[in-house]
>>> print(open('entry28.txt').read())   # compact mmCIF, C-alpha atoms and all ligand atoms
# COMPACT_ATOMS: atom_id res chain seq x y z
CA MET A 1487 25.47 -14.08 4.80
CA PRO A 1488 26.59 -10.53 4.11
CA ARG A 1489 28.28 -8.75 7.00
CA GLY A 1490 27.42 -5.40 5.51
CA THR A 1491 25.08 -4.29 2.76
CA ASP A 1492 24.49 -1.23 0.62
CA VAL A 1493 20.82 -0.93 1.57
CA ALA A 1494 18.74 -2.63 4.25
CA VAL A 1495 14.97 -2.43 3.78
CA VAL A 1496 13.15 -3.00 7.05
CA GLY A 1497 9.67 -4.39 6.43
CA GLY A 1498 8.86 -6.87 3.67
CA GLY A 1499 5.31 -5.72 2.88
CA ILE A 1500 4.17 -4.38 -0.49
CA VAL A 1501 6.10 -1.14 0.11
CA GLY A 1502 9.36 -2.81 1.20
CA CYS A 1503 9.28 -5.31 -1.67
CA LEU A 1504 8.66 -2.61 -4.27
CA ILE A 1505 11.48 -0.53 -2.77
CA ALA A 1506 13.84 -3.50 -3.17
CA ARG A 1507 12.59 -3.94 -6.73
CA HIS A 1508 13.13 -0.27 -7.60
CA ILE A 1509 16.67 -0.36 -6.18
CA THR A 1510 17.68 -3.43 -8.17
CA ALA A 1511 16.12 -1.96 -11.33
CA ARG A 1512 17.87 1.39 -10.97
CA ALA A 1513 21.24 0.25 -9.70
CA PRO A 1514 21.81 -3.41 -10.56
CA GLY A 1515 24.53 -4.89 -8.40
CA THR A 1516 23.51 -2.92 -5.29
CA SER A 1517 23.44 -5.28 -2.33
CA VAL A 1518 20.00 -5.20 -0.70
CA VAL A 1519 18.75 -7.04 2.38
CA VAL A 1520 15.00 -7.08 3.17
CA LEU A 1521 14.34 -7.80 6.83
CA ASP A 1522 10.99 -8.83 8.22
CA ARG A 1523 10.34 -10.22 11.65
CA ASP A 1524 7.46 -12.22 10.17
CA THR A 1525 7.20 -13.69 6.67
CA ALA A 1526 7.12 -11.13 3.85
CA GLY A 1527 3.67 -9.65 3.29
CA SER A 1528 2.25 -10.70 6.65
CA GLY A 1529 1.50 -7.19 7.97
CA ALA A 1530 -1.11 -4.73 6.67
CA SER A 1531 -0.44 -6.10 3.18
CA ARG A 1532 -1.99 -9.48 4.09
CA ARG A 1533 -5.22 -7.88 5.33
CA SER A 1534 -5.53 -5.35 2.51
CA ALA A 1535 -8.66 -5.05 0.41
CA GLY A 1536 -6.19 -4.08 -2.29
CA LEU A 1537 -8.45 -1.69 -4.21
CA HIS A 1538 -6.83 0.82 -6.53
CA CYS A 1539 -9.17 3.69 -7.24
CA PRO A 1540 -7.63 6.15 -9.74
CA ARG A 1541 -7.83 9.30 -7.66
CA GLY A 1542 -5.96 11.58 -5.28
CA ALA A 1543 -7.05 14.41 -3.01
CA THR A 1544 -3.96 16.49 -3.87
CA GLU A 1545 -1.83 16.96 -6.98
CA ARG A 1546 1.01 15.03 -5.35
CA VAL A 1547 -1.19 12.03 -4.56
CA ARG A 1548 -2.68 12.13 -8.07
CA ARG A 1549 0.84 12.04 -9.47
CA MET A 1550 1.58 9.06 -7.22
CA ALA A 1551 -1.66 7.31 -8.24
CA ARG A 1552 -0.83 7.82 -11.93
CA TYR A 1553 2.69 6.45 -11.51
CA SER A 1554 1.46 3.49 -9.46
CA GLN A 1555 -1.34 2.56 -11.84
CA ASP A 1556 1.12 2.61 -14.71
CA HIS A 1557 3.65 0.56 -12.73
CA TYR A 1558 1.11 -2.14 -11.81
CA ASP A 1559 -0.07 -2.26 -15.44
CA LYS A 1560 3.52 -2.90 -16.53
CA LEU A 1561 4.05 -5.58 -13.86
CA LYS A 1562 0.91 -7.33 -15.07
CA VAL A 1563 2.13 -7.25 -18.67
CA LEU A 1564 5.47 -8.73 -17.58
CA ASP A 1565 3.70 -11.48 -15.62
CA PRO A 1566 0.01 -11.94 -16.50
CA THR A 1567 -0.38 -14.46 -13.64
CA LEU A 1568 0.05 -11.75 -10.97
CA PRO A 1569 -3.09 -11.49 -8.78
CA ILE A 1570 -3.98 -7.99 -9.98
CA HIS A 1571 -7.47 -7.81 -11.48
CA ARG A 1572 -9.12 -5.04 -13.47
CA ILE A 1573 -12.53 -4.14 -12.08
CA ALA A 1574 -15.36 -1.99 -13.39
CA LEU A 1575 -16.09 0.71 -10.82
CA SER A 1576 -18.99 3.05 -10.06
CA VAL A 1577 -18.58 6.14 -7.91
CA VAL A 1578 -21.62 7.35 -5.97
CA ALA A 1579 -21.46 10.98 -4.85
CA PRO A 1580 -23.77 13.94 -4.24
CA ALA A 1581 -24.64 15.37 -7.66
CA ALA A 1582 -23.42 18.79 -6.48
CA ASP A 1583 -19.92 17.40 -5.89
CA GLU A 1584 -19.29 16.67 -9.54
CA PRO A 1585 -16.74 19.50 -10.09
CA ARG A 1586 -14.64 18.38 -7.09
CA LEU A 1587 -14.92 14.78 -8.20
CA ARG A 1588 -13.57 15.69 -11.61
CA GLU A 1589 -10.63 17.36 -9.91
CA ILE A 1590 -9.63 14.42 -7.76
CA TYR A 1591 -10.17 11.58 -10.25
CA LEU A 1592 -7.44 11.12 -12.84
CA ASP A 1593 -8.29 12.15 -16.40
CA SER A 1594 -7.62 8.56 -17.41
CA ALA A 1595 -10.52 7.51 -15.13
CA ARG A 1596 -12.92 9.09 -17.69
CA LEU A 1597 -15.51 9.77 -15.02
CA THR A 1598 -18.90 9.65 -16.72
CA ARG A 1599 -22.38 10.42 -15.33
CA THR A 1600 -24.78 7.57 -15.82
CA ASP A 1601 -28.46 6.95 -15.17
CA SER A 1602 -27.80 3.22 -14.94
CA PRO A 1603 -27.76 1.53 -11.53
CA ALA A 1604 -24.47 1.60 -9.63
CA GLY A 1605 -24.11 -2.12 -10.32
CA GLY A 1606 -23.01 -3.41 -6.92
CA PRO A 1607 -24.59 -6.43 -5.25
CA PRO A 1608 -28.39 -6.80 -5.47
CA GLY A 1609 -30.26 -4.78 -2.85
CA ILE A 1610 -27.97 -1.77 -2.87
CA ARG A 1611 -29.64 1.52 -1.93
CA LEU A 1612 -28.12 4.83 -2.94
CA PRO A 1613 -28.17 7.78 -0.53
CA GLU A 1614 -30.54 10.60 -1.53
CA SER A 1615 -29.51 13.21 -4.14
CA THR A 1616 -26.55 11.15 -5.26
CA GLN A 1617 -25.36 10.61 -8.78
CA VAL A 1618 -23.68 7.51 -10.20
CA PHE A 1619 -20.50 7.90 -12.26
CA THR A 1620 -18.62 5.20 -14.09
CA CYS A 1621 -14.86 5.18 -13.68
CA GLU A 1622 -12.11 3.43 -15.65
CA GLY A 1623 -8.68 2.21 -14.58
CA ALA A 1624 -9.61 0.62 -11.24
CA GLN A 1625 -8.10 -2.69 -10.18
CA TYR A 1626 -7.77 -4.76 -7.05
CA ALA A 1627 -5.14 -7.23 -5.93
CA ASP A 1628 -4.57 -10.08 -3.58
CA VAL A 1629 -1.81 -8.01 -2.00
CA TYR A 1630 -0.35 -10.91 -0.02
CA GLY A 1631 -0.20 -13.05 -3.19
CA LEU A 1632 1.40 -10.16 -5.04
CA VAL A 1633 4.08 -9.73 -2.36
CA GLN A 1634 4.89 -13.46 -2.57
CA ALA A 1635 5.27 -13.20 -6.35
CA LEU A 1636 7.46 -10.09 -6.10
CA ALA A 1637 9.62 -11.66 -3.40
CA ARG A 1638 10.01 -14.86 -5.41
CA GLU A 1639 11.28 -12.88 -8.39
CA LEU A 1640 13.54 -10.67 -6.27
CA ARG A 1641 15.29 -13.47 -4.42
CA HIS A 1642 17.89 -13.88 -7.17
CA ALA A 1643 19.12 -10.32 -6.54
CA VAL A 1644 18.03 -9.49 -2.98
CA THR A 1645 18.63 -11.24 0.35
CA PHE A 1646 15.39 -11.86 2.26
CA ARG A 1647 15.73 -12.37 5.99
CA GLU A 1648 12.32 -13.40 7.25
CA GLY A 1649 11.62 -14.12 10.88
CA VAL A 1650 14.36 -11.65 11.76
CA GLY A 1651 13.27 -8.60 13.75
CA VAL A 1652 15.12 -5.31 13.93
CA GLU A 1653 15.58 -4.33 17.57
CA ALA A 1654 17.72 -1.19 17.30
CA VAL A 1655 18.74 1.29 14.61
CA ASP A 1656 21.88 3.39 15.05
CA PRO A 1657 22.21 5.86 12.15
CA ASP A 1658 25.68 7.03 13.27
CA ALA A 1659 27.68 3.83 13.37
CA HIS A 1660 31.35 4.02 12.36
CA ASP A 1661 33.88 1.25 12.03
CA ALA A 1662 37.28 0.86 10.44
CA VAL A 1663 36.15 -1.68 7.82
CA ASP A 1664 32.90 -0.21 6.50
CA GLY A 1665 33.24 3.43 7.52
CA ALA A 1666 30.08 5.39 8.33
CA GLY A 1667 26.72 3.70 8.07
CA VAL A 1668 23.71 2.44 9.96
CA ALA A 1669 23.96 -0.41 12.44
CA LEU A 1670 20.90 -2.61 12.80
CA ARG A 1671 20.74 -4.87 15.84
CA LEU A 1672 18.80 -7.98 14.87
CA SER A 1673 16.70 -10.37 16.92
CA THR A 1674 19.24 -13.11 16.05
CA GLY A 1675 21.91 -11.26 18.03
CA GLU A 1676 23.74 -10.15 14.87
CA THR A 1677 24.50 -6.60 13.92
CA LEU A 1678 23.97 -5.75 10.26
CA LYS A 1679 25.77 -2.73 8.91
CA ALA A 1680 24.11 -0.90 6.02
CA ARG A 1681 25.21 2.21 4.15
CA GLN A 1682 21.56 3.24 4.08
CA VAL A 1683 18.34 1.93 5.53
CA VAL A 1684 14.75 2.32 4.40
CA LEU A 1685 12.13 1.81 7.09
CA ALA A 1686 8.90 0.48 5.59
CA PRO A 1687 7.26 -0.70 8.80
CA GLY A 1688 3.57 -0.34 7.87
CA PRO A 1689 1.64 0.36 11.09
CA TRP A 1690 4.51 -0.59 13.41
CA LEU A 1691 5.46 3.06 13.93
CA ALA A 1692 5.97 2.57 17.64
CA ALA A 1693 8.53 -0.25 17.43
CA PRO A 1694 11.22 0.53 20.04
CA ALA A 1695 13.93 0.33 17.34
CA TRP A 1696 12.70 3.47 15.53
CA ARG A 1697 9.96 5.02 17.67
CA ASP A 1698 12.08 8.10 18.46
CA LEU A 1699 13.34 8.50 14.89
CA VAL A 1700 9.80 8.33 13.49
CA ALA A 1701 8.03 10.44 16.15
CA PRO A 1702 8.80 13.83 14.49
CA LEU A 1703 6.72 12.79 11.47
CA GLY A 1704 3.60 13.01 13.61
CA ALA A 1705 2.14 9.97 11.82
CA ARG A 1706 -0.53 7.97 13.64
CA VAL A 1707 -2.08 4.54 13.39
CA LYS A 1708 -5.78 3.99 12.72
CA LYS A 1709 -7.83 0.81 12.76
CA ILE A 1710 -9.16 -0.38 9.40
CA ILE A 1711 -12.09 -2.76 9.13
CA ALA A 1712 -13.58 -4.49 6.12
CA LEU A 1713 -16.57 -6.79 6.41
CA HIS A 1714 -16.88 -9.96 4.37
CA VAL A 1715 -20.39 -10.10 2.91
CA ASP A 1716 -21.55 -13.65 2.44
CA ARG A 1717 -22.95 -13.37 -1.08
CA PRO A 1718 -21.14 -14.69 -4.15
CA PRO A 1719 -20.33 -12.05 -6.75
CA ALA A 1720 -21.70 -12.58 -10.26
CA ASP A 1721 -19.78 -12.14 -13.52
CA GLY A 1722 -19.53 -8.47 -14.44
CA ASP A 1723 -20.38 -7.13 -10.98
CA ARG A 1724 -18.98 -3.63 -10.44
CA ALA A 1725 -17.23 -2.30 -7.38
CA VAL A 1726 -19.01 0.72 -5.87
CA VAL A 1727 -17.28 3.58 -4.09
CA PHE A 1728 -19.38 5.82 -1.82
CA GLN A 1729 -17.29 8.91 -2.17
CA ASP A 1730 -18.70 10.98 0.69
CA GLU A 1731 -18.56 8.18 3.22
CA ASP A 1732 -15.14 6.89 2.12
CA ALA A 1733 -16.66 3.41 1.89
CA PHE A 1734 -16.75 0.80 -0.86
CA LEU A 1735 -18.23 -2.54 -1.87
CA LEU A 1736 -15.82 -4.80 -3.75
CA PRO A 1737 -16.66 -8.16 -5.37
CA LEU A 1738 -14.00 -10.78 -4.65
CA PRO A 1739 -14.84 -13.66 -7.02
CA GLU A 1740 -11.58 -15.46 -6.13
CA ARG A 1741 -12.81 -15.70 -2.54
CA GLY A 1742 -16.51 -16.07 -3.34
CA HIS A 1743 -17.82 -13.09 -1.38
CA TRP A 1744 -18.17 -9.30 -1.35
CA LEU A 1745 -16.12 -7.02 0.83
CA PHE A 1746 -17.41 -3.84 2.45
CA SER A 1747 -14.88 -1.29 3.66
CA TYR A 1748 -15.97 1.68 5.74
CA THR A 1749 -14.14 4.35 7.74
CA CYS A 1750 -13.47 3.24 11.30
CA ARG A 1751 -12.35 6.18 13.44
CA GLU A 1752 -10.36 4.34 16.11
CA TRP A 1753 -6.95 6.04 16.34
CA ASP A 1754 -3.62 5.22 18.00
CA VAL A 1755 -4.09 1.51 17.70
CA ASP A 1756 -1.40 -1.04 18.52
CA PRO A 1757 -1.24 -3.61 15.67
CA ALA A 1758 -1.01 -6.41 18.24
CA ALA A 1759 -4.29 -5.26 19.79
CA THR A 1760 -6.21 -6.18 16.62
CA ALA A 1761 -5.30 -9.86 16.97
CA ASP A 1762 -8.51 -10.71 18.81
CA GLY A 1763 -10.61 -9.85 15.76
CA LEU A 1764 -13.69 -7.65 15.41
CA SER A 1765 -14.84 -6.25 18.72
CA ALA A 1766 -18.56 -6.13 19.50
CA ASP A 1767 -18.55 -2.33 18.99
CA ASN A 1768 -16.69 -2.64 15.68
CA ALA A 1769 -19.13 -5.27 14.41
CA VAL A 1770 -22.17 -3.13 15.29
CA GLU A 1771 -20.67 0.04 13.79
CA ALA A 1772 -19.49 -1.65 10.59
CA ARG A 1773 -22.85 -3.37 10.01
CA GLU A 1774 -24.68 -0.11 10.75
CA SER A 1775 -22.61 1.58 8.06
CA LEU A 1776 -23.34 -1.19 5.54
CA ARG A 1777 -27.05 -1.08 6.40
CA ARG A 1778 -27.22 2.50 5.03
CA PHE A 1779 -26.25 1.29 1.55
CA ALA A 1780 -27.49 -2.30 1.51
CA PRO A 1781 -29.83 -3.22 4.39
CA ASP A 1782 -30.20 -6.85 3.34
CA LEU A 1783 -26.49 -7.40 3.05
CA ALA A 1784 -25.81 -6.27 6.60
CA GLU A 1785 -27.35 -9.49 7.85
CA ARG A 1786 -24.92 -11.43 5.67
CA ALA A 1787 -21.84 -9.65 7.00
CA LEU A 1788 -20.89 -11.80 9.95
CA SER A 1789 -17.12 -11.79 9.43
CA GLY A 1790 -14.37 -9.56 8.16
CA ARG A 1791 -10.79 -8.41 8.51
CA VAL A 1792 -9.54 -6.02 11.11
CA PHE A 1793 -6.11 -4.47 11.27
CA CYS A 1794 -4.64 -0.99 11.08
CA ASP A 1795 -2.47 1.28 8.98
CA ALA A 1796 -0.24 4.32 9.44
CA TYR A 1797 -1.57 7.74 8.44
CA GLY A 1798 0.64 10.75 7.65
CA SER A 1799 -0.12 14.01 9.46
CA THR A 1800 -0.94 15.83 6.19
CA GLY A 1801 -3.08 13.08 4.72
CA GLU A 1802 -0.30 12.30 2.22
CA PRO A 1803 2.26 9.49 2.41
CA GLU A 1804 5.51 10.20 4.26
CA ILE A 1805 8.74 9.60 2.40
CA ARG A 1806 11.68 11.36 3.98
CA ALA A 1807 15.07 11.05 5.62
CA LEU A 1808 14.91 10.72 9.40
CA ASP A 1809 18.52 11.63 10.23
CA ALA A 1810 20.73 14.57 9.32
CA ASP A 1811 22.93 12.53 6.96
CA GLY A 1812 20.01 11.00 5.11
CA ARG A 1813 21.06 7.43 5.88
CA VAL A 1814 17.69 6.36 7.29
CA VAL A 1815 14.67 6.97 5.06
CA PHE A 1816 11.05 6.40 6.12
CA ALA A 1817 8.52 5.24 3.52
CA GLY A 1818 4.85 4.67 4.21
CA ALA A 1819 2.02 6.19 6.23
CA ALA A 1820 -0.18 6.19 3.15
CA GLY A 1821 -3.37 6.19 5.20
CA GLY A 1822 -5.24 3.16 3.90
CA SER A 1823 -3.86 3.64 0.37
CA GLY A 1824 -0.57 1.84 0.81
CA TYR A 1825 -1.33 -0.76 -1.83
CA ARG A 1826 -2.45 1.59 -4.55
CA LEU A 1827 0.37 4.10 -3.95
CA ALA A 1828 3.15 1.62 -3.13
CA PRO A 1829 5.00 1.85 -6.47
CA ALA A 1830 5.21 5.66 -6.21
CA ILE A 1831 6.19 5.50 -2.53
CA ALA A 1832 8.97 3.09 -3.51
CA SER A 1833 10.14 5.29 -6.36
CA ASP A 1834 10.19 8.45 -4.22
CA ALA A 1835 12.01 6.63 -1.41
CA VAL A 1836 14.68 5.32 -3.78
CA ASP A 1837 15.14 8.88 -5.11
CA LEU A 1838 16.40 9.76 -1.62
CA LEU A 1839 19.08 7.05 -1.60
CA ARG A 1840 22.63 7.49 -2.80
CA LEU A 1841 22.92 4.30 -4.79
CA PRO A 1842 26.22 3.03 -6.17
CA GLN A 1843 26.62 4.12 -9.79
CA PRO A 1844 26.14 1.24 -12.23
CA ARG A 1845 29.54 0.20 -13.61
CA PRO A 1846 30.11 1.64 -17.14
CA ARG A 1847 29.99 -0.89 -19.94
CA PRO A 1848 33.33 -1.80 -21.63
CA ALA A 1849 34.40 0.88 -24.11
CA GLN A 1850 34.90 -1.49 -27.08
CA ASN A 1851 32.55 -0.81 -30.01
CA ARG A 1852 31.65 2.55 -28.51
CA ARG A 1853 32.21 5.46 -30.88
CA SER A 1854 34.63 8.04 -29.58
CA GLN A 1855 33.16 11.42 -28.76
CA PRO A 1856 33.56 14.02 -31.53
C1 LIG A 1901 -8.32 -4.07 6.27
C2 LIG A 1901 -7.45 -3.22 5.38
C3 LIG A 1901 -7.92 -2.86 4.12
C4 LIG A 1901 -7.12 -2.08 3.28
N1 LIG A 1901 -7.57 -1.78 2.02
C5 LIG A 1901 -6.78 -1.09 1.17
C6 LIG A 1901 -7.21 -0.81 -0.15
O1 LIG A 1901 -8.30 -1.20 -0.57
N2 LIG A 1901 -6.36 -0.12 -0.98
C7 LIG A 1901 -5.13 0.30 -0.56
O2 LIG A 1901 -4.42 0.93 -1.34
N3 LIG A 1901 -4.71 0.07 0.71
C8 LIG A 1901 -5.49 -0.61 1.57
N4 LIG A 1901 -5.08 -0.86 2.85
C9 LIG A 1901 -3.79 -0.30 3.28
C10 LIG A 1901 -2.64 -1.13 2.77
O3 LIG A 1901 -2.90 -2.51 2.96
C11 LIG A 1901 -1.38 -0.76 3.56
O4 LIG A 1901 -1.18 0.64 3.46
C12 LIG A 1901 -0.15 -1.44 2.97
O5 LIG A 1901 -0.33 -2.85 2.97
C13 LIG A 1901 1.08 -1.08 3.80
O6 LIG A 1901 2.15 -1.81 3.27
P1 LIG A 1901 3.56 -1.74 4.00
O7 LIG A 1901 4.47 -2.58 3.22
O8 LIG A 1901 3.90 -0.31 4.24
O9 LIG A 1901 3.27 -2.35 5.46
P2 LIG A 1901 3.09 -3.85 5.95
O10 LIG A 1901 2.47 -4.71 4.92
O11 LIG A 1901 2.44 -3.77 7.28
O12 LIG A 1901 4.58 -4.35 6.10
C14 LIG A 1901 5.39 -3.91 7.18
C15 LIG A 1901 6.25 -5.08 7.59
O13 LIG A 1901 7.17 -4.64 8.59
C16 LIG A 1901 7.45 -5.74 9.40
N5 LIG A 1901 8.00 -5.28 10.68
C17 LIG A 1901 7.38 -4.57 11.64
N6 LIG A 1901 8.22 -4.37 12.67
C18 LIG A 1901 9.39 -4.96 12.35
C19 LIG A 1901 10.65 -5.09 13.01
N7 LIG A 1901 10.88 -4.57 14.22
N8 LIG A 1901 11.65 -5.75 12.38
C20 LIG A 1901 11.45 -6.29 11.14
N9 LIG A 1901 10.28 -6.19 10.48
C21 LIG A 1901 9.25 -5.53 11.07
C22 LIG A 1901 6.09 -6.42 9.58
O14 LIG A 1901 6.23 -7.79 9.94
C23 LIG A 1901 5.47 -6.23 8.20
O15 LIG A 1901 5.57 -7.40 7.35
C24 LIG A 1901 -5.84 -1.65 3.72
C25 LIG A 1901 -5.36 -2.02 4.98
C26 LIG A 1901 -6.15 -2.80 5.79
C27 LIG A 1901 -5.61 -3.20 7.13
>>> encode(input="entry28.txt", output="structure tokens")
Amino acid sequence: MPRGTDVAVVGGGIVGCLIARHITARAPGTSVVVLDRDTAGSGASRRSAGLHCPRGATERVRRMARYSQDHYDKLKVLDPTLPIHRIALSVVAPAADEPRLREIYLDSARLTRTDSPAGGPPGIRLPESTQVFTCEGAQYADVYGLVQALARELRHAVTFREGVGVEAVDPDAHDAVDGAGVALRLSTGETLKARQVVLAPGPWLAAPAWRDLVAPLGARVKKIIALHVDRPPADGDRAVVFQDEDAFLLPLPERGHWLFSYTCREWDVDPAATADGLSADNAVEARESLRRFAPDLAERALSGRVFCDAYGSTGEPEIRALDADGRVVFAGAAGGSGYRLAPAIASDAVDLLRLPQPRPRPAQNRRSQP
């Protein structure tokens, strides 16, 4: 077991795993430890609907969406068995919003007006004065399954310490052997020394170990609810995004049901407090929202998934150093888009690290400089 490491990644969700992957790709030979107090992928990633919709409200998020879409496409080419599935997508929005829609959807989405039905489950009812657009480039993933696959592949280069919580983070630790670095006190009683640390804690912003370090970001945690609609999807069913309501219907053929995600407005939620499942109020509100688009389906939505996610104060993900020396970097707070933006979050976070330079290759056979 390493006594010290170049980089410790705290949090083994989709963001933490992709950070570890970006580090090993950019600087092979860097020692990386991923720490998770649960098993990897068991946080927000396990509950994720995992929809990637090719859009972004700001230029920065569009850049991140573009990078991430491309990255997932490449991962899927490298391993076609990954649980990432292309999906045909319709966007339903007020006809008058078309110019704004064209701004926020990527060019590669080829947003196209259509007079055809939106193509969701039978019984879907579109709000008045809305227009249907078709959209390319969408996909969805079993995010938990994807994390397991990424972790499996990473284990040859990265140390995974699952079931190991981080209880304290000291960004100013010095000792004679390792010099300056970050000391992580672990639930096992060990102290792990890292030159740099990336915190990818999903919605656990208030963990005592980093609550004070993270507080200046002003990020908050909001509940997210998705109902499971008990109706089997048919071949060729399209996902439908209701742009104005920030809601969507997603067919999940692998699970044999539809999923309906809507915007729950319950803020400052403790992840542990979601463990009891859908509350009576949540169930009524979620079904009420579904009833607006598909009245018949609301009666078939008797279960779902409830958890939470971290939201940045600007509506964009937070990727930044938390201490003056840049040894502790925060990565996340993607506001319900942490799956679809994870590759870009990872890339931007790794940009902030000072990774060991890869060793130069032996000079033999290299032509001398003129
Ligand atoms: C119901 C739902 C639906 C969603 N749908 C979508 C969607 O359609 N599209 C999309 O892009 N996003 C979606 N999201 C958001 C997305 O799932 C999250 O943004 C993303 O999974 C966050 O990944 P993460 O790796 O940052 O966090 P997590 O997956 O939460 O990982 C953080 C990890 O940190 C670990 N940890 C916490 N505290 C400690 C500690 N003290 N020591 C060690 N480890 C610790 C946890 O155990 C956890 O495994 C959804 C989220 C939910 C809840």
>>> residues_near_ligand(input="entry28.txt", ligand="ligand LIG 1901 (chain A)", cutoff="7 Å", atoms="all atoms listed in the file", output="VMD selection string")
chain A and resid 1496 to 1502 1521 to 1538 1650 to 1653 1686 to 1690 1693 1695 1710 to 1712 1791 to 1795 1818 to 1827
>>> closest_residue(input="entry28.txt", among="A:Pro1694, A:Ala1624, A:Gln1729, A:Ala1637", to="A:Ala1581", atoms="all atoms listed in the file")
A:Gln1729
>>> closest_residue(input="entry28.txt", among="A:Ala1579, A:Gly1798, A:Pro1737, A:Leu1685", to="A:Gly1605", atoms="only C-alpha atoms")
A:Pro1737
>>> atom_distance(input="entry28.txt", atom1="atom CA of A:Val1668", atom2="atom CA of A:Trp1696")
12.4 Å
>>> atom_distance(input="entry28.txt", atom1="atom CA of A:Asp1732", atom2="atom CA of A:Ser1747")
8.3 Å
>>> decode(input="entry28.txt", residues="stretch 1596-1607 of chain A", atoms="N, CA and C atoms", output="PDB file, in the first residue's frame")
ATOM      1  N   ARG A1596     -28.029  19.230 -34.941  1.00  0.00           N
ATOM      2  CA  ARG A1596     -28.871  19.401 -36.143  1.00  0.00           C
ATOM      3  C   ARG A1596     -30.358  19.490 -35.779  1.00  0.00           C
ATOM      4  N   LEU A1597     -30.652  20.438 -34.930  1.00  0.00           N
ATOM      5  CA  LEU A1597     -32.038  20.642 -34.485  1.00  0.00           C
ATOM      6  C   LEU A1597     -32.929  20.914 -35.701  1.00  0.00           C
ATOM      7  N   THR A1598     -33.982  20.142 -35.842  1.00  0.00           N
ATOM      8  CA  THR A1598     -34.831  20.275 -37.024  1.00  0.00           C
ATOM      9  C   THR A1598     -36.297  20.306 -36.605  1.00  0.00           C
ATOM     10  N   ARG A1599     -37.032  21.322 -37.084  1.00  0.00           N
ATOM     11  CA  ARG A1599     -38.485  21.375 -36.836  1.00  0.00           C
ATOM     12  C   ARG A1599     -39.162  20.192 -37.495  1.00  0.00           C
ATOM     13  N   THR A1600     -40.136  19.638 -36.839  1.00  0.00           N
ATOM     14  CA  THR A1600     -40.870  18.545 -37.489  1.00  0.00           C
ATOM     15  C   THR A1600     -42.355  18.645 -37.153  1.00  0.00           C
ATOM     16  N   ASP A1601     -43.185  18.198 -38.090  1.00  0.00           N
ATOM     17  CA  ASP A1601     -44.620  18.147 -37.813  1.00  0.00           C
ATOM     18  C   ASP A1601     -45.028  16.763 -37.319  1.00  0.00           C
ATOM     19  N   SER A1602     -44.044  15.863 -37.242  1.00  0.00           N
ATOM     20  CA  SER A1602     -44.333  14.509 -36.749  1.00  0.00           C
ATOM     21  C   SER A1602     -44.557  14.567 -35.243  1.00  0.00           C
ATOM     22  N   PRO A1603     -45.200  13.533 -34.690  1.00  0.00           N
ATOM     23  CA  PRO A1603     -45.367  13.499 -33.231  1.00  0.00           C
ATOM     24  C   PRO A1603     -44.008  13.433 -32.537  1.00  0.00           C
ATOM     25  N   ALA A1604     -43.996  13.817 -31.261  1.00  0.00           N
ATOM     26  CA  ALA A1604     -42.728  13.845 -30.518  1.00  0.00           C
ATOM     27  C   ALA A1604     -42.126  12.445 -30.409  1.00  0.00           C
ATOM     28  N   GLY A1605     -43.000  11.425 -30.374  1.00  0.00           N
ATOM     29  CA  GLY A1605     -42.476  10.061 -30.416  1.00  0.00           C
ATOM     30  C   GLY A1605     -42.157   9.453 -29.065  1.00  0.00           C
ATOM     31  N   GLY A1606     -42.646  10.010 -27.995  1.00  0.00           N
ATOM     32  CA  GLY A1606     -42.446   9.407 -26.671  1.00  0.00           C
ATOM     33  C   GLY A1606     -43.396   8.245 -26.479  1.00  0.00           C
ATOM     34  N   PRO A1607     -43.723   7.905 -25.251  1.00  0.00           N
ATOM     35  CA  PRO A1607     -44.650   6.799 -25.022  1.00  0.00           C
ATOM     36  C   PRO A1607     -46.050   7.175 -25.502  1.00  0.00           C
TER      37      PRO A1607
END
